[in-house]
Structures are given as structure tokens and as C-alpha cells.
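Asker: Below you'll find the structure I mean.
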Amino acid sequence: MHTKVMEGIVGARTNMDMVDVPMRVYKEARRKGDTATMERAMGYVNEFENKAREYKAEADEGMKEEAEELKENEKLEREESIQKRREEREKFEEKIEENREADTLEVSEEGKVLLKSNTDSNCSDAPKSHSDSAQEPVIYTKTGEASRKEQMSSISVSV
């Protein structure tokens, strides 16, 4: 809690408590009919109430300052966390970049020759594909074998 707020609250409370004494004196003087004592007691009451208002204004001012400080602190914390996240992201991106550089594959000359020979032999063994429009419909059985049926059969399902 801000010091101005504490001083304001304590001061206002003390002065409001002090108003009770002159008010008691005022009531007793009124009962006796002593106007001079009544006026003097009301002067003290007004004085204490004015001081209480001043302390209240001080407490309000302190609360505004405290709110501004909290906003500034929150803003600084937000900026720090954003900066921290940026740094973490940059470190992460650097690690990813390092891993990319480390994960290279080099194929030896023997491997290149084997790859070329396998690719060439696979291409010659591959069946020639026909255009999609020229192919006949294929029906697959439960075992996964393809069977060509020339006639389409109709299926009737009743529930």
C-alpha cells in the first residue's frame, strides 16, 4: 500500500474519531443553554471535519498514484515477457537451423550406381498404364483380389 494512502486513511479516521468529543460537549452545552461553549465546540467539530477531508483527498491522490505505478509495472512486465519470448524463439530457431545443417545426407558413388540400376530395372518391369477412359471397371473381392466383371449386377437391399 502506498504511504500517502495509509497516511490519508489513518488521518481521516483519527479526525473523525476526534469529532465525537466536541460533539458530546456541544450536546451537553445545548442542554444547559450555554451558547458560547456550543459555538466553541462546533468550531472544533468543523476543524476536525476539514482535516478529515484533507486526509481523504490525500488518500485519494495516493490511490491514483498507486494505480498509475501498478499500470507502469504491468506494462514493464509485459514488455519483459515479450522480449523473453522473442529471445527464446530466436534461440529455438537457431537450434532448428543448426539441426538442419547437421542433417545432411551424402550418397557414395557405389550408392548412386545402385540407385540408378534399381531405378532403370524397375521402370522396365513396370506395366504400361492405359488411359483411365479405356479401363474396364474393377471389383475387388474380400480377399483384396481384383476381378473384372463384364456385367454389372444389381443389388437389392431391404431393411
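By convention here, the chains of the C-alpha cells are called A, B, ... in the order presented, each chain's residues are numbered starting at 1, and ligands are numbered starting at 1 in the order presented.
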Give me, as a list in words, all polymer residues having an atom no more than 6 Å from region 53-67 of chain A, counting only C-alpha atoms and skipping those fewer than 5 positions away in the same chain.

Answerer: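 The residues that qualify are Lys4, Val5, Gly8, Gly11 and Ala12 of chain A.
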
Asker: Using DSSP on the backbone coordinates, identify all residues within region 37-146 of chain A classified as helix (DSSP H, G or I); present the result as JSON, numbers by chain.

Answerer: {"A": [37, 38, 39, 40, 41, 42, 43, 44, 45, 46, 47, 48, 49, 50, 51, 52, 53, 54, 55, 56, 57, 58, 59, 60, 61, 62, 63, 64, 65, 66, 67, 68, 69, 70, 71, 72, 73, 74, 75, 76, 77, 78, 79, 80, 81, 82, 83, 84, 85, 86, 87, 88, 89, 90, 91, 92, 93, 94, 95, 96, 97, 98, 99, 100, 101, 102, 109, 110, 111, 112, 113, 114, 115, 116, 117, 118, 119, 120, 121, 122, 123, 124, 125, 132, 133, 134]}

Asker: With C-alpha atoms kept, could you save the residues just selected as a short mmCIF file (atom, residue, chain, number, x, y, z; two decimals), in the first residue's frame?

Answerer:
```cif
data_model
loop_
_atom_site.label_atom_id
_atom_site.label_comp_id
_atom_site.auth_asym_id
_atom_site.auth_seq_id
_atom_site.Cartn_x
_atom_site.Cartn_y
_atom_site.Cartn_z
CA THR A 37 -19.50 26.66 24.68
CA MET A 38 -21.73 25.41 21.87
CA GLU A 39 -20.08 27.75 19.35
CA ARG A 40 -16.58 26.86 20.52
CA ALA A 41 -17.40 23.10 20.33
CA MET A 42 -18.83 23.49 16.79
CA GLY A 43 -15.61 25.29 15.79
CA TYR A 44 -13.63 22.22 16.86
CA VAL A 45 -16.06 19.91 15.05
CA ASN A 46 -15.64 21.90 11.81
CA GLU A 47 -11.86 21.96 12.22
CA PHE A 48 -11.65 18.17 12.68
CA GLU A 49 -14.02 17.53 9.76
CA ASN A 50 -11.95 19.79 7.47
CA LYS A 51 -8.77 17.93 8.45
CA ALA A 52 -10.53 14.62 7.79
CA ARG A 53 -11.49 15.86 4.29
CA GLU A 54 -7.88 16.90 3.63
CA TYR A 55 -6.63 13.48 4.66
CA LYS A 56 -9.28 11.85 2.47
CA ALA A 57 -8.07 13.91 -0.51
CA GLU A 58 -4.51 12.80 0.27
CA ALA A 59 -5.62 9.17 0.36
CA ASP A 60 -7.42 9.57 -2.99
CA GLU A 61 -4.33 11.13 -4.54
CA GLY A 62 -2.18 8.31 -3.17
CA MET A 63 -4.56 5.71 -4.62
CA LYS A 64 -4.35 7.35 -8.07
CA GLU A 65 -0.55 7.37 -7.90
CA GLU A 66 -0.53 3.75 -6.80
CA ALA A 67 -2.81 2.78 -9.69
CA GLU A 68 -0.52 4.56 -12.16
CA GLU A 69 2.53 2.80 -10.72
CA LEU A 70 0.77 -0.56 -11.00
CA LYS A 71 -0.10 0.13 -14.64
CA GLU A 72 3.51 1.07 -15.39
CA ASN A 73 4.81 -2.04 -13.62
CA GLU A 74 2.38 -4.26 -15.53
CA LYS A 75 3.43 -2.63 -18.79
CA LEU A 76 7.11 -3.20 -17.99
CA GLU A 77 6.45 -6.81 -17.02
CA ARG A 78 4.53 -7.37 -20.24
CA GLU A 79 7.36 -5.88 -22.30
CA GLU A 80 9.92 -8.00 -20.45
CA SER A 81 7.91 -11.18 -21.03
CA ILE A 82 7.52 -10.32 -24.72
CA GLN A 83 11.26 -9.73 -25.00
CA LYS A 84 11.97 -13.00 -23.20
CA ARG A 85 9.66 -14.91 -25.57
CA ARG A 86 11.38 -13.32 -28.57
CA GLU A 87 14.79 -14.37 -27.27
CA GLU A 88 13.54 -17.91 -26.60
CA ARG A 89 12.05 -18.08 -30.10
CA GLU A 90 15.30 -16.86 -31.64
CA LYS A 91 17.28 -19.49 -29.70
CA PHE A 92 14.82 -22.15 -30.80
CA GLU A 93 15.09 -21.04 -34.43
CA GLU A 94 18.90 -21.12 -34.17
CA LYS A 95 18.74 -24.69 -32.83
CA ILE A 96 16.44 -25.68 -35.68
CA GLU A 97 18.81 -24.07 -38.17
CA GLU A 98 21.77 -25.92 -36.61
CA ASN A 99 19.85 -29.19 -36.82
CA ARG A 100 19.04 -28.56 -40.47
CA GLU A 101 22.70 -28.04 -41.25
CA ALA A 102 23.66 -31.17 -39.32
CA GLU A 109 29.40 -43.34 -55.83
CA GLU A 110 28.50 -47.01 -55.24
CA GLY A 111 25.11 -45.94 -53.88
CA LYS A 112 24.49 -43.73 -56.89
CA VAL A 113 25.26 -46.62 -59.22
CA LEU A 114 22.95 -48.97 -57.27
CA LEU A 115 20.18 -46.39 -57.24
CA LYS A 116 20.47 -45.86 -60.97
CA SER A 117 20.47 -49.59 -61.73
CA ASN A 118 17.44 -50.24 -59.46
CA THR A 119 15.53 -47.33 -60.96
CA ASP A 120 16.21 -48.46 -64.50
CA SER A 121 15.23 -52.09 -63.79
CA ASN A 122 12.03 -51.06 -62.00
CA CYS A 123 10.99 -48.87 -64.88
CA SER A 124 11.36 -51.67 -67.40
CA ASP A 125 9.34 -54.11 -65.24
CA ASP A 132 -8.50 -44.14 -67.47
CA SER A 133 -11.29 -43.95 -70.01
CA ALA A 134 -10.17 -47.20 -71.69
#
```

Asker: Distance CA of Met6 (chain A)-CA of Asp20 (chain A), one decimal place?

Answerer: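 Value for the CA of Met6 (chain A)-CA of Asp20 (chain A) distance: 22.2 Å.
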
Asker: Would you mind writing down, as a list in words, each residue of chain A that DSSP on the backbone assigns to strand (DSSP E)?

Answerer: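 Strand (DSSP E) assignments inside chain A correspond to Val138, Ile139, Tyr140, Ala146, Ser147 and Arg148 of chain A.
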